[in-house]
file data38.txt (compact mmCIF, C-alpha atoms)
# COMPACT_ATOMS: atom_id res chain seq x y z
CA MET A 1 -24.34 -8.16 5.65
CA THR A 2 -22.21 -6.96 2.73
CA TYR A 3 -21.30 -3.87 4.74
CA LEU A 4 -20.20 -5.95 7.70
CA ILE A 5 -18.06 -8.25 5.54
CA LEU A 6 -16.45 -5.24 3.84
CA PHE A 7 -15.74 -3.64 7.20
CA LEU A 8 -14.27 -6.80 8.75
CA GLU A 9 -12.16 -7.82 5.73
CA PHE A 10 -10.61 -4.37 5.48
CA LEU A 11 -10.17 -4.20 9.24
CA LYS A 12 -8.08 -7.35 8.90
CA ILE A 13 -6.08 -5.85 6.04
CA GLY A 14 -5.49 -2.66 8.03
CA ALA A 15 -4.46 -4.56 11.13
CA PHE A 16 -1.96 -6.96 9.59
CA THR A 17 -0.14 -5.11 6.82
CA PHE A 18 3.13 -3.60 7.93
CA GLY A 19 5.16 -1.27 5.75
CA GLY A 20 2.18 0.28 4.00
CA GLY A 21 1.68 0.77 0.29
CA TYR A 22 2.50 -2.22 -1.86
CA ALA A 23 3.01 -4.42 1.19
CA MET A 24 -0.79 -4.60 1.23
CA ILE A 25 -1.09 -6.10 -2.23
CA PRO A 26 -0.67 -9.81 -1.33
CA PHE A 27 -3.28 -9.53 1.41
CA ILE A 28 -5.69 -7.49 -0.73
CA GLN A 29 -5.26 -9.87 -3.66
CA GLU A 30 -6.12 -12.86 -1.48
CA THR A 31 -9.19 -11.11 -0.07
CA VAL A 32 -10.65 -9.73 -3.32
CA THR A 33 -10.22 -12.96 -5.25
CA LYS A 34 -11.72 -15.00 -2.40
CA HIS A 35 -14.89 -12.88 -2.43
CA GLN A 36 -14.70 -12.37 -6.22
CA TRP A 37 -14.86 -8.61 -5.68
CA LEU A 38 -12.22 -7.92 -8.33
CA SER A 39 -10.20 -10.02 -10.79
CA THR A 40 -6.40 -9.83 -10.70
CA GLN A 41 -6.60 -7.81 -13.93
CA GLU A 42 -8.96 -5.25 -12.37
CA LEU A 43 -6.72 -5.08 -9.31
CA VAL A 44 -3.66 -4.32 -11.46
CA ASN A 45 -5.65 -1.66 -13.37
CA PHE A 46 -6.59 -0.09 -10.07
CA ILE A 47 -3.01 0.03 -8.79
CA ALA A 48 -2.29 2.32 -11.76
CA ILE A 49 -5.28 4.53 -10.91
CA SER A 50 -4.12 4.72 -7.31
CA GLU A 51 -0.64 5.81 -8.43
CA SER A 52 -2.20 8.60 -10.48
CA THR A 53 -4.48 9.97 -7.76
CA PRO A 54 -3.61 11.50 -4.39
CA GLY A 55 -3.60 9.67 -1.11
CA ALA A 56 -2.49 6.41 0.45
CA PHE A 57 -2.90 3.19 -1.53
CA ALA A 58 -4.77 1.49 1.32
CA VAL A 59 -7.42 4.20 1.47
CA ASN A 60 -7.77 4.31 -2.31
CA ILE A 61 -8.20 0.56 -2.79
CA SER A 62 -10.62 0.17 0.13
CA THR A 63 -12.76 3.07 -1.09
CA TYR A 64 -12.79 1.64 -4.61
CA ILE A 65 -13.66 -1.93 -3.71
CA GLY A 66 -16.18 -0.77 -1.10
CA SER A 67 -17.89 1.40 -3.68
CA GLN A 68 -17.93 -1.34 -6.33
CA VAL A 69 -19.38 -3.88 -3.91
CA GLY A 70 -21.72 -1.77 -1.80
CA GLY A 71 -21.98 1.79 -3.15
CA PHE A 72 -21.32 4.81 -0.94
CA PHE A 73 -21.89 3.01 2.37
CA GLY A 74 -19.78 0.12 1.17
CA ALA A 75 -16.93 2.55 0.51
CA LEU A 76 -17.47 4.11 3.94
CA CYS A 77 -17.39 0.71 5.72
CA ALA A 78 -14.30 -0.55 3.88
CA THR A 79 -12.32 2.67 4.38
CA THR A 80 -13.27 2.93 8.06
CA GLY A 81 -12.17 -0.68 8.45
CA VAL A 82 -8.75 -0.14 6.89
CA VAL A 83 -8.07 3.08 8.84
CA LEU A 84 -9.33 2.05 12.28
CA PRO A 85 -6.54 -0.34 13.40
CA ALA A 86 -3.73 2.13 12.62
CA PHE A 87 -5.69 4.93 14.31
CA LEU A 88 -6.32 2.99 17.52
CA ILE A 89 -2.85 1.47 17.72
CA ILE A 90 -1.20 4.87 17.29
CA LEU A 91 -3.35 6.32 20.09
CA ILE A 92 -2.12 3.60 22.42
CA ILE A 93 1.51 3.86 21.31
CA ALA A 94 1.54 7.65 21.61
CA LYS A 95 1.06 7.08 25.35
CA ILE A 96 3.63 4.34 25.86
CA TYR A 97 6.01 5.50 23.18
CA ASP A 98 9.34 5.18 25.03
CA LYS A 99 8.59 1.66 26.19
CA PHE A 100 7.50 0.67 22.70
CA LYS A 101 10.61 2.11 21.07
CA SER A 102 13.02 0.10 23.20
CA SER A 103 10.97 -3.12 23.31
CA LYS A 104 12.98 -6.16 22.26
CA THR A 105 9.81 -8.04 21.33
CA VAL A 106 8.79 -5.29 18.91
CA LYS A 107 12.27 -5.31 17.35
CA GLY A 108 12.16 -9.09 16.97
CA ALA A 109 8.72 -9.02 15.39
CA MET A 110 9.87 -6.30 12.99
CA PHE A 111 12.79 -8.49 11.96
CA GLY A 112 10.36 -11.19 10.89
CA LEU A 113 7.81 -8.84 9.33
CA LYS A 114 10.29 -6.88 7.20
CA SER A 115 11.55 -10.21 5.86
CA THR A 116 8.22 -11.83 5.08
CA VAL A 117 6.94 -8.73 3.24
CA VAL A 118 9.69 -9.21 0.63
CA GLY A 119 8.66 -12.82 0.00
CA LEU A 120 4.94 -12.00 -0.05
CA ILE A 121 5.23 -9.18 -2.58
CA ALA A 122 7.53 -11.31 -4.72
CA ALA A 123 4.74 -13.91 -4.72
CA ALA A 124 2.24 -11.23 -5.81
CA VAL A 125 4.63 -10.33 -8.64
CA VAL A 126 4.40 -13.90 -9.95
CA SER A 127 0.60 -13.90 -10.15
CA ILE A 128 0.49 -10.40 -11.63
CA ALA A 129 3.13 -11.38 -14.22
CA ILE A 130 0.99 -14.38 -15.21
CA GLU A 131 -1.99 -12.05 -15.56
CA VAL A 132 -0.04 -9.53 -17.67
CA PHE A 133 1.71 -11.97 -20.01
CA PHE A 134 -0.56 -15.02 -20.07
CA THR A 135 -4.06 -13.55 -19.76
CA ASN A 136 -5.54 -16.32 -21.89
CA GLY A 137 -3.64 -19.20 -20.35
CA PHE A 138 -0.22 -20.66 -20.88
CA THR A 139 -0.05 -22.12 -24.38
CA GLN A 140 2.52 -22.11 -27.18
CA GLN A 141 0.35 -19.69 -29.16
CA VAL A 142 1.06 -17.02 -26.57
CA PHE A 143 4.56 -16.55 -27.95
CA LEU A 144 3.15 -15.90 -31.42
CA SER A 145 0.75 -13.18 -30.27
CA SER A 146 1.89 -9.58 -30.65
CA THR A 147 0.10 -8.61 -27.43
CA PHE A 148 2.52 -10.82 -25.48
CA TRP A 149 5.55 -9.20 -27.10
CA PHE A 150 4.08 -5.73 -26.67
CA SER A 151 3.61 -6.35 -22.92
CA LEU A 152 7.07 -7.83 -22.54
CA ILE A 153 8.80 -4.91 -24.30
CA THR A 154 6.74 -2.28 -22.44
CA PHE A 155 7.53 -4.01 -19.15
CA ALA A 156 11.28 -4.08 -19.96
CA ILE A 157 11.35 -0.38 -20.92
CA MET A 158 9.45 0.68 -17.78
CA LEU A 159 11.62 -1.42 -15.47
CA PHE A 160 14.74 0.11 -17.04
CA LEU A 161 13.36 3.65 -16.61
CA LEU A 162 12.42 2.95 -12.98
CA LEU A 163 15.69 1.37 -11.95
CA TYR A 164 18.20 3.47 -13.88
CA LYS A 165 16.48 6.78 -14.64
CA LYS A 166 14.56 7.24 -11.33
CA ILE A 167 11.37 8.17 -13.16
CA SER A 168 8.29 8.80 -10.99
CA PRO A 169 5.53 6.15 -10.85
CA ILE A 170 2.90 8.50 -12.27
CA LEU A 171 5.10 9.10 -15.35
CA ILE A 172 5.46 5.34 -15.76
CA VAL A 173 1.66 5.02 -15.81
CA CYS A 174 1.35 7.83 -18.41
CA LEU A 175 4.12 6.44 -20.63
CA SER A 176 2.86 2.86 -20.63
CA ALA A 177 -0.70 4.09 -21.28
CA THR A 178 0.56 6.05 -24.30
CA LEU A 179 2.41 3.00 -25.63
CA GLY A 180 -0.76 0.93 -25.18
CA ILE A 181 -2.89 3.46 -27.08
CA ILE A 182 -0.36 3.67 -29.94
CA ALA A 183 -0.13 -0.13 -30.14
CA GLY A 184 -3.93 -0.39 -30.06
CA TYR A 185 -4.58 2.02 -32.92
CA THR A 186 -1.76 0.61 -35.06
CA GLY A 187 -3.29 -2.85 -34.64
CA ILE A 188 -0.39 -4.38 -32.70
CA ILE A 189 -2.66 -5.31 -29.79
CA ALA A 190 -6.30 -6.26 -30.01
CA MET B 191 -15.85 23.75 24.41
CA LYS B 192 -13.27 26.51 24.17
CA LYS B 193 -13.12 28.43 20.96
CA SER B 194 -9.33 28.02 20.66
CA LYS B 195 -9.67 24.25 20.82
CA LEU B 196 -12.27 24.27 18.07
CA LYS B 197 -9.96 26.35 15.91
CA LEU B 198 -7.15 23.87 16.49
CA TYR B 199 -9.34 20.95 15.36
CA LEU B 200 -10.25 22.86 12.23
CA GLN B 201 -6.59 23.66 11.53
CA LEU B 202 -5.67 19.98 11.93
CA LEU B 203 -8.47 18.96 9.57
CA LEU B 204 -7.48 21.48 6.90
CA SER B 205 -3.72 20.90 7.16
CA PHE B 206 -4.13 17.15 6.76
CA MET B 207 -6.64 17.57 3.95
CA LYS B 208 -3.95 19.56 2.16
CA ILE B 209 -1.44 16.77 2.81
CA GLY B 210 -3.98 14.25 1.50
CA VAL B 211 -4.59 16.21 -1.69
CA VAL B 212 -1.02 16.89 -2.78
CA THR B 213 0.59 13.50 -2.21
CA PHE B 214 0.40 11.21 -5.18
CA GLY B 215 1.25 7.57 -4.70
CA GLY B 216 1.21 7.85 -0.91
CA GLY B 217 3.83 6.25 1.32
CA TYR B 218 7.17 7.91 1.79
CA ALA B 219 6.32 10.58 -0.79
CA MET B 220 4.22 12.09 2.01
CA ILE B 221 7.09 12.65 4.46
CA PRO B 222 8.52 15.92 3.10
CA ILE B 223 5.03 17.37 2.74
CA ILE B 224 4.01 16.32 6.25
CA GLU B 225 7.25 17.84 7.54
CA ASN B 226 6.68 21.13 5.76
CA GLU B 227 3.07 21.47 6.88
CA THR B 228 3.24 20.28 10.50
CA SER B 229 6.82 21.08 11.54
CA ALA B 230 8.14 24.00 9.48
CA LYS B 231 4.86 25.90 9.05
CA ARG B 232 2.66 25.08 12.05
CA LYS B 233 5.38 24.20 14.59
CA TRP B 234 3.17 21.39 15.93
CA ILE B 235 6.04 18.93 16.16
CA SER B 236 9.86 19.04 16.06
CA GLU B 237 12.16 17.40 13.52
CA ASP B 238 13.00 14.74 16.12
CA ASP B 239 9.32 13.95 16.61
CA LEU B 240 8.99 13.43 12.89
CA SER B 241 11.74 10.82 12.66
CA ASP B 242 10.12 9.06 15.64
CA ILE B 243 6.80 9.09 13.80
CA ILE B 244 8.39 7.49 10.74
CA ALA B 245 9.96 4.79 12.94
CA ILE B 246 6.61 4.10 14.63
CA SER B 247 4.76 3.96 11.31
CA GLU B 248 7.21 1.36 10.10
CA SER B 249 6.65 -0.86 13.12
CA THR B 250 2.86 -0.56 13.31
CA PRO B 251 0.31 -1.79 10.80
CA GLY B 252 -1.44 0.52 8.40
CA PRO B 253 -0.48 3.24 5.96
CA ILE B 254 2.19 5.75 6.98
CA ALA B 255 -0.14 8.71 6.29
CA ILE B 256 -2.75 7.42 8.75
CA CYS B 257 -0.13 6.72 11.42
CA ALA B 258 1.43 10.17 11.03
CA ALA B 259 -1.92 11.95 11.08
CA SER B 260 -3.13 10.09 14.18
CA PHE B 261 0.13 10.63 16.05
CA ILE B 262 0.50 14.35 15.26
CA GLY B 263 -3.21 15.00 15.84
CA TYR B 264 -2.99 13.28 19.24
CA LYS B 265 0.12 15.22 20.28
CA VAL B 266 -1.44 18.53 19.29
CA ALA B 267 -5.00 18.13 20.55
CA GLY B 268 -5.63 14.70 22.11
CA VAL B 269 -7.96 11.97 20.83
CA ILE B 270 -10.32 14.39 19.09
CA GLY B 271 -7.34 16.03 17.42
CA ALA B 272 -6.20 12.61 16.19
CA PHE B 273 -9.67 12.02 14.79
CA PHE B 274 -9.75 15.29 12.84
CA ALA B 275 -6.22 14.88 11.46
CA THR B 276 -6.98 11.33 10.28
CA LEU B 277 -10.30 12.39 8.80
CA GLY B 278 -8.50 15.17 6.95
CA VAL B 279 -5.89 12.92 5.38
CA VAL B 280 -8.48 10.32 4.31
CA LEU B 281 -11.20 12.63 2.99
CA PRO B 282 -9.61 13.82 -0.30
CA SER B 283 -8.70 10.37 -1.61
CA PHE B 284 -12.03 8.95 -0.44
CA ALA B 285 -13.93 11.61 -2.41
CA ILE B 286 -11.76 11.33 -5.54
CA ILE B 287 -11.75 7.53 -5.68
CA PHE B 288 -15.48 7.35 -4.99
CA LEU B 289 -16.14 9.58 -8.02
CA ILE B 290 -13.74 7.54 -10.16
CA SER B 291 -15.40 4.28 -9.14
CA ILE B 292 -18.74 5.57 -10.40
CA PHE B 293 -17.42 6.62 -13.82
CA LEU B 294 -14.71 4.02 -14.42
CA GLU B 295 -17.14 1.29 -15.49
CA GLN B 296 -18.44 3.44 -18.35
CA PHE B 297 -14.93 4.36 -19.54
CA ASN B 298 -13.82 0.73 -19.42
CA GLU B 299 -15.87 -0.02 -22.53
CA LEU B 300 -13.97 2.50 -24.65
CA ASN B 301 -11.28 1.08 -26.95
CA ILE B 302 -8.79 3.81 -26.06
CA VAL B 303 -9.11 2.99 -22.33
CA ARG B 304 -8.77 -0.72 -22.99
CA PHE B 305 -5.57 -0.16 -25.01
CA ALA B 306 -4.19 2.20 -22.39
CA PHE B 307 -4.72 -0.35 -19.62
CA THR B 308 -3.00 -3.12 -21.60
CA GLY B 309 0.10 -0.91 -21.58
CA ILE B 310 -0.44 0.22 -18.01
CA ARG B 311 -0.58 -3.33 -16.62
CA ALA B 312 2.91 -4.00 -17.98
CA GLY B 313 4.07 -0.75 -16.37
CA VAL B 314 2.49 -1.65 -13.02
CA LEU B 315 4.36 -4.96 -13.01
CA ALA B 316 7.59 -2.96 -13.29
CA LEU B 317 6.44 -0.68 -10.43
CA ILE B 318 5.81 -3.63 -8.13
CA ILE B 319 9.16 -5.24 -8.95
CA LYS B 320 10.80 -1.92 -8.05
CA ALA B 321 8.90 -2.06 -4.72
CA VAL B 322 10.19 -5.59 -4.05
CA ILE B 323 13.75 -4.44 -4.68
CA SER B 324 13.54 -1.45 -2.34
CA MET B 325 11.86 -3.54 0.38
CA PHE B 326 14.61 -6.13 0.02
CA LYS B 327 17.19 -3.38 0.54
CA LYS B 328 15.42 -2.26 3.74
CA ALA B 329 14.99 -5.82 5.03
CA PRO B 330 17.43 -7.39 7.53
CA LYS B 331 20.58 -8.94 6.06
CA HIS B 332 20.68 -12.23 7.90
CA ILE B 333 20.34 -15.90 7.03
CA VAL B 334 17.13 -16.20 9.10
CA ALA B 335 15.66 -13.24 7.21
CA TYR B 336 16.49 -14.85 3.86
CA ILE B 337 14.87 -18.11 4.97
CA ILE B 338 11.69 -16.25 6.00
CA MET B 339 11.60 -14.48 2.62
CA ALA B 340 12.07 -17.69 0.63
CA LEU B 341 9.57 -19.68 2.71
CA SER B 342 6.90 -16.95 2.51
CA PHE B 343 7.34 -16.84 -1.26
CA VAL B 344 7.13 -20.59 -1.77
CA LEU B 345 4.21 -21.05 0.64
CA VAL B 346 2.10 -18.51 -1.27
CA VAL B 347 3.11 -19.42 -4.84
CA ALA B 348 3.15 -23.21 -4.51
CA PHE B 349 0.73 -23.88 -1.66
CA SER B 350 -1.58 -20.81 -1.63
CA THR B 351 -1.09 -20.53 2.12
CA ASN B 352 -3.17 -17.91 3.94
CA VAL B 353 -1.23 -14.63 4.01
CA LEU B 354 -2.35 -13.76 7.55
CA VAL B 355 -0.93 -17.05 8.85
CA ILE B 356 2.42 -16.28 7.19
CA VAL B 357 2.53 -12.73 8.58
CA LEU B 358 1.82 -13.86 12.14
CA SER B 359 4.26 -16.79 12.03
CA SER B 360 6.99 -14.53 10.63
CA ALA B 361 6.56 -12.14 13.56
CA VAL B 362 6.81 -15.08 16.00
CA VAL B 363 9.89 -16.47 14.24
CA GLY B 364 11.46 -13.01 14.39
CA ILE B 365 10.80 -12.71 18.14
CA VAL B 366 12.17 -16.20 18.86
CA ALA B 367 15.22 -15.76 16.60
CA SER B 368 16.17 -12.43 18.17
CA TYR B 369 15.71 -13.94 21.65
CA ILE B 370 18.06 -16.81 20.79
CA ALA B 371 20.55 -14.37 19.26
CA ARG B 372 20.54 -12.27 22.44
CA LYS B 373 21.17 -15.39 24.55
CA ARG B 374 24.29 -15.91 22.49
CA GLY B 375 25.27 -12.30 23.06
CA LYS B 376 24.43 -11.15 19.56
CA GLU B 377 21.94 -8.68 18.18
CA LEU B 378 19.71 -9.53 15.21
CA ARG B 379 19.31 -6.70 12.77
call {"tool": "encode", "arguments": {"input": "data38.txt", "output": "structure tokens"}}
result
Amino acid sequence: MTYLILFLEFLKIGAFTFGGGYAMIPFIQETVTKHQWLSTQELVNFIAISESTPGAFAVNISTYIGSQVGGFFGALCATTGVVLPAFLIILIIAKIYDKFKSSKTVKGAMFGLKSTVVGLIAAAVVSIAIEVFFTNGFTQQVFLSSTFWFSLITFAIMLFLLLYKKISPILIVCLSATLGIIAGYTGIIA
Amino acid sequence: MKKSKLKLYLQLLLSFMKIGVVTFGGGYAMIPIIENETSAKRKWISEDDLSDIIAISESTPGPIAICAASFIGYKVAGVIGAFFATLGVVLPSFAIIFLISIFLEQFNELNIVRFAFTGIRAGVLALIIKAVISMFKKAPKHIVAYIIMALSFVLVVAFSTNVLVIVLSSAVVGIVASYIARKRGKELR
């Protein structure tokens, strides 16, 4: 039963996420929290692992969750589920490619999809930001804790490096990990 | 089965395994490597084909790597070719992540890993904000598009609306809006 649920949930994710990569996060977040497969914190941790290992994000996250929930066969079911829709759709489109390319309906749908993806990921940003800065709830004490300030400063540095220095994602992961380790052993974060 | 066909399947499998191994982060980082392996080296597809493949990947669901592998595999050696190319591109990350998932739990207990991830989560937030910005740049510049963005955001944050419902309704709104625009002699983009 677990295998079937994994397969079907990831089939749905594979079939309805356009744009690939981070566009999948809102959908994945909804699914994993609904089934309590991963917490938001574990999901954010895994995004970093996925950035530091080869391959597509969709394949990585489905393999990981599948394996956590149902071992090797769980990983197999989830990954097959996420890959299958793209595989089948491409086989069909490869045959009717010219019609597909000039279809006004496809263009219209893409107009809507490219727009909604921006709003959906922005919504994921909000919940991830809450997780990063307010792990233990939103109270006044948060602003007195050094962990909060550490996260805020690290976040600001990384965003600056990404936007103005064009640093690669994997370097961002390494740098922020190093900052975390230094802060941990100097007692800034607990 | 002809021997040459079998060799072609094997070549597809190995080429796409190579693509799967060397691309970190996935997505558009894969394009130059796919181009080098399948167009420049193997001559399976032309440069024009490749830009078509990117356009198709953008307008179909699923990761760009899977779309590209299926499409190129199909063009080169039919449905079985598509299967082997897709298998090739998936296999490396499947194997690596499966191993990581077994060991990660044990590492999670270590202080050094816990500290590292506290830093990393702040970094990931920056990565995702960067992704929002680049998707916004690629999105249509039109009042209807901005309304869809704002509504999708509010519906999820304030009302926890089902994401699938939002995705499907946005596609419908896009189709209707572009139909109305065409009736008025304009093109939505």
call {"tool": "residues_around", "arguments": {"input": "data38.txt", "residues": "segment 124-128 of chain A", "least_positions_apart": "5", "cutoff": "9 Å", "atoms": "all atoms listed in the file", "output": "VMD selection string"}}
result
(chain A and resid 25 to 26 29 40 to 41 44 119 133) or (chain B and resid 311 315 318 to 319 322 343 346 to 347)
call {"tool": "interface_residues", "arguments": {"input": "data38.txt", "of": "chain A", "to": "chain B", "cutoff": "6 Å", "atoms": "all atoms listed in the file", "output": "ChimeraX atom specification"}}
result
/A:14-21,51,53-56,63-64,86-87,105,108-109,111-116,118-120,123,151,155,158-159,173,176-177,180-181,184
call {"tool": "atom_distance", "arguments": {"input": "data38.txt", "atom1": "atom CA of Ile333 of chain B", "atom2": "atom CA of Val106 of chain A"}}
result
19.7 Å
call {"tool": "atom_distance", "arguments": {"input": "data38.txt", "atom1": "atom CA of Leu88 of chain A", "atom2": "atom CA of Ala58 of chain A"}}
result
16.3 Å
call {"tool": "closest_residue", "arguments": {"input": "data38.txt", "among": "A:Tyr22, A:Phe148, A:Tyr97, A:Phe10", "to": "Ala48 of chain A", "atoms": "all atoms listed in the file"}}
result
A:Tyr22
call {"tool": "atom_distance", "arguments": {"input": "data38.txt", "atom1": "atom CA of Gly278 of chain B", "atom2": "atom CA of Leu76 of chain A"}}
result
14.6 Å
call {"tool": "closest_residue", "arguments": {"input": "data38.txt", "among": "A:Ser39, A:Thr2, A:Ile92, A:Ser52", "to": "Leu171 of chain A", "atoms": "only C-alpha atoms"}}
result
A:Ser52
call {"tool": "residues_near_point", "arguments": {"input": "data38.txt", "point": "(0.3, 26.4, 13.1)", "cutoff": "12 Å", "atoms": "all atoms listed in the file", "output": "VMD selection string"}}
result
chain B and resid 197 to 202 204 to 205 226 to 235 266
call {"tool": "residues_around", "arguments": {"input": "data38.txt", "residues": "Ile65 of chain A", "least_positions_apart": "3", "cutoff": "12 Å", "atoms": "only C-alpha atoms", "output": "mmCIF file with C-alpha atoms, in the frame of the given file"}}
result
data_model
loop_
_atom_site.group_PDB
_atom_site.id
_atom_site.type_symbol
_atom_site.label_atom_id
_atom_site.label_comp_id
_atom_site.auth_asym_id
_atom_site.auth_seq_id
_atom_site.Cartn_x
_atom_site.Cartn_y
_atom_site.Cartn_z
ATOM 1 C CA THR A 2 -22.210 -6.960 2.730
ATOM 2 C CA TYR A 3 -21.300 -3.870 4.740
ATOM 3 C CA LEU A 6 -16.450 -5.240 3.840
ATOM 4 C CA PHE A 7 -15.740 -3.640 7.200
ATOM 5 C CA GLU A 9 -12.160 -7.820 5.730
ATOM 6 C CA PHE A 10 -10.610 -4.370 5.480
ATOM 7 C CA ILE A 28 -5.690 -7.490 -0.730
ATOM 8 C CA GLN A 29 -5.260 -9.870 -3.660
ATOM 9 C CA THR A 31 -9.190 -11.110 -0.070
ATOM 10 C CA VAL A 32 -10.650 -9.730 -3.320
ATOM 11 C CA THR A 33 -10.220 -12.960 -5.250
ATOM 12 C CA HIS A 35 -14.890 -12.880 -2.430
ATOM 13 C CA GLN A 36 -14.700 -12.370 -6.220
ATOM 14 C CA TRP A 37 -14.860 -8.610 -5.680
ATOM 15 C CA LEU A 38 -12.220 -7.920 -8.330
ATOM 16 C CA SER A 39 -10.200 -10.020 -10.790
ATOM 17 C CA GLU A 42 -8.960 -5.250 -12.370
ATOM 18 C CA LEU A 43 -6.720 -5.080 -9.310
ATOM 19 C CA PHE A 46 -6.590 -0.090 -10.070
ATOM 20 C CA ILE A 47 -3.010 0.030 -8.790
ATOM 21 C CA ALA A 58 -4.770 1.490 1.320
ATOM 22 C CA VAL A 59 -7.420 4.200 1.470
ATOM 23 C CA ASN A 60 -7.770 4.310 -2.310
ATOM 24 C CA ILE A 61 -8.200 0.560 -2.790
ATOM 25 C CA SER A 62 -10.620 0.170 0.130
ATOM 26 C CA GLN A 68 -17.930 -1.340 -6.330
ATOM 27 C CA VAL A 69 -19.380 -3.880 -3.910
ATOM 28 C CA GLY A 70 -21.720 -1.770 -1.800
ATOM 29 C CA GLY A 71 -21.980 1.790 -3.150
ATOM 30 C CA PHE A 72 -21.320 4.810 -0.940
ATOM 31 C CA PHE A 73 -21.890 3.010 2.370
ATOM 32 C CA GLY A 74 -19.780 0.120 1.170
ATOM 33 C CA ALA A 75 -16.930 2.550 0.510
ATOM 34 C CA LEU A 76 -17.470 4.110 3.940
ATOM 35 C CA CYS A 77 -17.390 0.710 5.720
ATOM 36 C CA ALA A 78 -14.300 -0.550 3.880
ATOM 37 C CA THR A 79 -12.320 2.670 4.380
ATOM 38 C CA VAL A 82 -8.750 -0.140 6.890
ATOM 39 C CA PHE B 284 -12.030 8.950 -0.440
ATOM 40 C CA ILE B 287 -11.750 7.530 -5.680
ATOM 41 C CA PHE B 288 -15.480 7.350 -4.990
ATOM 42 C CA ILE B 290 -13.740 7.540 -10.160
ATOM 43 C CA SER B 291 -15.400 4.280 -9.140
ATOM 44 C CA ILE B 292 -18.740 5.570 -10.400
#
